[in-house]
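Visitor: A single structure is presented below for examination.
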Amino acid sequence: MTYALLPLSAAGEGIIPVVDPSAADGLFSLLWLVIGLPLIGALVLLLGGPLAGLHRGALDKWGHWLGTITAAGSFAISLTLFLALLGRDESQRQIGQELWTWFEVGSLQVGMDLLYDPLSALFLLLITGVGTLIHVYSIGYMEHDERRRRFFGYLNLFIAAMLLLVLADNFLVLFFGWEGVGLASYLLIGFWQHKPSAAAAAKKAFVMNRVGDIGLALAIGLMFATFGSTDFAVVSELASGASEDTLTVIGLLLLLGACGKSAQVPLQAWLLDAMEGPTPVSALIHAATMVTAGVYLVVRSNFIFELAPVAQTAIVIVATVTLLWGAVLGCAKDDVKKVLAGSTMSQIGYMMLAAGLGVAGYAFAIMHLLTHGFFKANMFLGAGSVMHGMNDDVDMRNYGGLQKMMPVTFVTFAMGYLAIIGFPGFSGFWSKDKIIETALAENWVVGILALVGAGVTGFYMTRLMLMTFFGEKRWNDGVHPHESPRVMTVPLIVLAALSVLSGVLLLGNWIVDFLTPVVGVAAHHEPPLPALAITAIITLTVALGVAAAWFLVGKREIPKTAPTEVSFITTAARNDLYGDQINETLVISPGRHLVSGLTTADRVLVDGTVEGGAAAATGLSALSRRIQNGYVRSYALSIVGGVLLVVLALLAVNLA
């Protein structure tokens, strides 16, 4: 197995020579166990009782602890491997583990093999670390749910699938993990399937993701047809020899797959509906697993995009539209989880934008993915804590004045809030500002739009804070807000600390240098202004958004019922910018008519031809039966008639 390090420039020139990865030995021989532990947990929790003859009640009592311990064990191994990786020379930080041959068909041989390098190492820490905290939080959040064991089994399955996705050393194994993530998300979004809205949301997410999955599957097929392999190493080594048109098609198909998983326009409509799942599920989807998969795919496939500038441009356009789309949605929602969901769509847009900028932005895309994982998990779990104290009410118009009733939730949520808006010194300040700075250097129009998105982020996140924690109490009768138990607040405290401190990843350009063996490094265009001036402009823009929220929301009385006399843009944002209607008009309705037309054609033409032939044969046979009636006189008459016809024919010939 070989592994190609990646292009150094946006033009795809200067590819680093192919090197052999180190075989997994010592501590690294435990790499498979990172996936194995949560997978074993899922199997035991979901199937172990019936298979082992265990009483279901016994599993119900300690199943949540098993799920949490397996996730924590996976994190412990991931952290140990990461520290061991840091101790290696930069040229020795690609480690491969060959497990077994998955399948072999003709010239295609696919191994269930793993690749551990700086990119996958960071993802492992995020997935298992944040995932473990979400498991701990869920012990308290799901305490009274009678299906808690199954819930933890699904969480374990989700984490195992995502780990396989980021550890795969070829696109087919990645696709296997990709589909596992889709299955687990379907099970978790629709976990409360007794609610029609939850069942519908799960189906919507599943179907829309299948559209993106078709793109990824076609891309993998085209890779095999072009390069004869789906291994990252082989594809990256041979990519420079393929035509730009072929690479562009592959890149666009990969982008379609990324749009589905990462909820980018035009496949974004499922994300807000997915809030029907339990809040820990929302945190896991938005912070550590599903929506980050698309960003990973683009960054991992940089050897394709670096040689396909049209596909890179498409990423930038999609990402810019999405970061503004999600930000606008967040401004008009009253459901606290849907505000955060719109925020995720927008922040993933920033990551995709950085990835679309090529080698100048790959490292910053991953850095923002990591910092976002911390502060978004913090805020989603914080929203769950608020809901826990408000009788599961998600409407912010029924909140207000909660900072004194839930002090730990308030302070930790505030840390996430300051991080996402980019308050100086907090993690989002370092990661998002670098993306905007890079965008301004590469394309000032895109940079300005990203800057506008930062201002809108300041507005809708401040609106959320004001409506939830400040102002007058607007609680419903019978609601008695209270702080959540420690099993829920401790994960909030840890995530709040990471929301503040994770900006250190950029100190000394550490993350850029660490990821260089995977994504390469290139000379950036110089930004139009000094970096300090750009930082000041970004901070001022965010401050304007915060001030606008204060004057429009904080200084006004918030009605219990959302006003109906609002602007067109507010109405559009409340309706998700008519994303469902657009899909209905452009895809679903034409598809329905196409299927209806095909059904009619099948019934009238295909079935009609077959059934018509049968009817004709039936009619002819009926006529024949009338001739063959069994009477001698009829046969004699037929013979006479036949003779007369022959005689007449002969006479006609002679006369002619």
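Chain identifiers are assigned as A, B, and so on, following the order in which chains appear in the structure tokens; residues are numbered from 1 within each chain, and ligands are numbered from 1 in order of appearance.
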Find the residues of stretch 300-326 of chain A that sit at most 12 Å from stretch 576-592 of chain A; for each, write down the nearest two atoms and how far apart they are in Å, to one decimal. Count only C-alpha atoms. Sort by chain, then by number going up, and give it as a Markdown table.
Guide:
| residue | atom | partner | partner_atom | distance |
| --- | --- | --- | --- | --- |
| A:Thr322 | CA | A:Leu577 | CA | 11.6 |
| A:Leu324 | CA | A:Leu577 | CA | 11.3 |
| A:Trp325 | CA | A:Leu577 | CA | 7.9 |
| A:Gly326 | CA | A:Asp576 | CA | 8.9 |
Visitor: Those residues with C-alpha atoms, as a PDB file, in the first residue's frame please?
Guide:
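The result, written out as part-v6.pdb:
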ATOM      1  CA  THR A 322     -24.975  28.306   2.203  1.00  0.00           C
ATOM      2  CA  LEU A 324     -25.565  33.285   4.115  1.00  0.00           C
ATOM      3  CA  TRP A 325     -28.614  31.010   3.739  1.00  0.00           C
ATOM      4  CA  GLY A 326     -28.129  29.422   7.147  1.00  0.00           C
TER       5      GLY A 326
END
Visitor: Need the shell around stretch 217-220 of chain A: protein/DNA/RNA residues with any atom at most 8 Å away, counting only C-alpha atoms. Skip same-chain ones fewer than 6 positions apart. Format as JSON, numbers by chain?
Guide: {"A": [171, 172, 175, 230, 249, 250, 251, 253, 254]}
Visitor: Which residue out of A:Asp113, A:Ile304, A:Val452, A:Leu46 has the minimum interatomic distance to A:Thr246 when only C-alpha atoms are used?
Guide: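 Answer, going by the shortest atom-to-atom distance: A:Ile304.
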Visitor: Calculated over only C-alpha atoms, which of the candidates A:Phe429, A:Leu620, A:Tyr141, A:Asp89 has the smallest distance to A:Asp392?
Guide: A:Tyr141
Visitor: What lies within 10 Å of A:Ala549 using only C-alpha atoms, ignoring chain neighbours under 4 positions off, as a PyMOL selection string?
Guide: chain A and resi 331+456+458-466+543-545+553-555
Visitor: Would you kindly return, as a VMD selection string, each protein, DNA or RNA residue with an atom no farther than 10 Å from any atom of A:Leu451, considering only C-alpha atoms and excluding same-chain residues fewer than 6 positions away?
Guide: chain A and resid 432 to 433 435 to 437 439 to 440 445 457 534 537 to 539 541 to 542
Visitor: What lies within 12 Å of A:Asp231 using only C-alpha atoms, ignoring chain neighbours under 3 positions off, as an NGL selection string?
Guide: :A and (1-4 or 108-115 or 168-174 or 220 or 223-224 or 227-228 or 234-239 or 300-301)
Visitor: Using only C-alpha atoms, what does the table of stretch 27-138 of chain A residues within 8 Å of stretch 508-525 of chain A look like, with each row giving the shortest atom pair and its distance in Å to one decimal, sorted by chain and ascending number, as JSON lines?
Guide:
{"residue": "A:Glu90", "atom": "CA", "partner": "A:Pro517", "partner_atom": "CA", "distance": 7.3}
{"residue": "A:Ser91", "atom": "CA", "partner": "A:Pro517", "partner_atom": "CA", "distance": 7.5}
{"residue": "A:Asp117", "atom": "CA", "partner": "A:Val518", "partner_atom": "CA", "distance": 7.7}
{"residue": "A:Pro118", "atom": "CA", "partner": "A:Leu515", "partner_atom": "CA", "distance": 5.8}
{"residue": "A:Leu119", "atom": "CA", "partner": "A:Leu515", "partner_atom": "CA", "distance": 6.4}
Visitor: Just to be explicit: take each residue in the selection above, keep C-alpha atoms, and write the result as a PDB file, in the first residue's frame.
Guide:
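Final file, again34.pdb:
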ATOM      1  CA  GLU A  90       6.862  14.436   9.946  1.00  0.00           C
ATOM      2  CA  SER A  91       7.723  12.025   7.117  1.00  0.00           C
ATOM      3  CA  ASP A 117      -2.396  10.378   9.455  1.00  0.00           C
ATOM      4  CA  PRO A 118      -2.578  13.944  10.836  1.00  0.00           C
ATOM      5  CA  LEU A 119      -6.006  14.586   9.269  1.00  0.00           C
TER       6      LEU A 119
END
Visitor: So which residues touch stretch 183-192 of chain A within 7 Å, counting only C-alpha atoms, skipping near sequence neighbours fewer than 3 positions away, as a PyMOL selection string?
Guide: chain A and resi 154+157-158+179-180+195+198-199+201-202+205-206+274+276-277+281
Visitor: Include N, CA and C atoms and write out the residues we just selected as a PDB file, in the first residue's frame.
Guide:
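Saved to again29.pdb:
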ATOM      1  N   TYR A 154     -27.595   3.109  19.387  1.00  0.00           N
ATOM      2  CA  TYR A 154     -27.554   3.912  18.159  1.00  0.00           C
ATOM      3  C   TYR A 154     -26.420   4.939  18.211  1.00  0.00           C
ATOM      4  N   LEU A 157     -23.278   3.156  17.418  1.00  0.00           N
ATOM      5  CA  LEU A 157     -23.247   2.842  15.990  1.00  0.00           C
ATOM      6  C   LEU A 157     -22.874   4.068  15.171  1.00  0.00           C
ATOM      7  N   PHE A 158     -23.414   5.205  15.537  1.00  0.00           N
ATOM      8  CA  PHE A 158     -23.126   6.466  14.844  1.00  0.00           C
ATOM      9  C   PHE A 158     -21.627   6.772  14.908  1.00  0.00           C
ATOM     10  N   GLU A 179     -22.349   5.454   4.455  1.00  0.00           N
ATOM     11  CA  GLU A 179     -23.710   4.916   4.509  1.00  0.00           C
ATOM     12  C   GLU A 179     -24.097   4.523   5.937  1.00  0.00           C
ATOM     13  N   GLY A 180     -23.116   4.066   6.715  1.00  0.00           N
ATOM     14  CA  GLY A 180     -23.394   3.770   8.118  1.00  0.00           C
ATOM     15  C   GLY A 180     -23.812   5.008   8.883  1.00  0.00           C
ATOM     16  N   LYS A 195     -43.908  10.129  17.230  1.00  0.00           N
ATOM     17  CA  LYS A 195     -44.284  11.469  16.775  1.00  0.00           C
ATOM     18  C   LYS A 195     -44.227  11.496  15.249  1.00  0.00           C
ATOM     19  N   ALA A 198     -41.314  13.454  13.850  1.00  0.00           N
ATOM     20  CA  ALA A 198     -39.995  12.827  13.944  1.00  0.00           C
ATOM     21  C   ALA A 198     -39.813  11.777  12.850  1.00  0.00           C
ATOM     22  N   ALA A 199     -40.830  10.975  12.628  1.00  0.00           N
ATOM     23  CA  ALA A 199     -40.750   9.962  11.572  1.00  0.00           C
ATOM     24  C   ALA A 199     -40.568  10.613  10.207  1.00  0.00           C
ATOM     25  N   ALA A 201     -39.271  13.606   9.610  1.00  0.00           N
ATOM     26  CA  ALA A 201     -37.946  14.232   9.555  1.00  0.00           C
ATOM     27  C   ALA A 201     -36.865  13.207   9.252  1.00  0.00           C
ATOM     28  N   ALA A 202     -36.953  12.027   9.870  1.00  0.00           N
ATOM     29  CA  ALA A 202     -35.970  10.977   9.621  1.00  0.00           C
ATOM     30  C   ALA A 202     -36.018  10.537   8.161  1.00  0.00           C
ATOM     31  N   ALA A 205     -34.487  13.303   5.922  1.00  0.00           N
ATOM     32  CA  ALA A 205     -33.022  13.314   5.985  1.00  0.00           C
ATOM     33  C   ALA A 205     -32.441  12.141   5.201  1.00  0.00           C
ATOM     34  N   PHE A 206     -33.043  10.982   5.355  1.00  0.00           N
ATOM     35  CA  PHE A 206     -32.541   9.775   4.689  1.00  0.00           C
ATOM     36  C   PHE A 206     -32.635   9.917   3.175  1.00  0.00           C
ATOM     37  N   ALA A 274     -34.366  17.867  11.188  1.00  0.00           N
ATOM     38  CA  ALA A 274     -33.697  16.845  11.986  1.00  0.00           C
ATOM     39  C   ALA A 274     -33.667  17.186  13.470  1.00  0.00           C
ATOM     40  N   GLU A 276     -36.013  17.217  15.278  1.00  0.00           N
ATOM     41  CA  GLU A 276     -37.042  16.412  15.929  1.00  0.00           C
ATOM     42  C   GLU A 276     -36.433  15.302  16.784  1.00  0.00           C
ATOM     43  N   GLY A 277     -35.185  14.959  16.539  1.00  0.00           N
ATOM     44  CA  GLY A 277     -34.533  13.943  17.344  1.00  0.00           C
ATOM     45  C   GLY A 277     -34.180  14.469  18.722  1.00  0.00           C
ATOM     46  N   VAL A 281     -28.667  13.952  20.107  1.00  0.00           N
ATOM     47  CA  VAL A 281     -28.485  13.570  18.710  1.00  0.00           C
ATOM     48  C   VAL A 281     -28.126  14.790  17.877  1.00  0.00           C
TER      49      VAL A 281
END
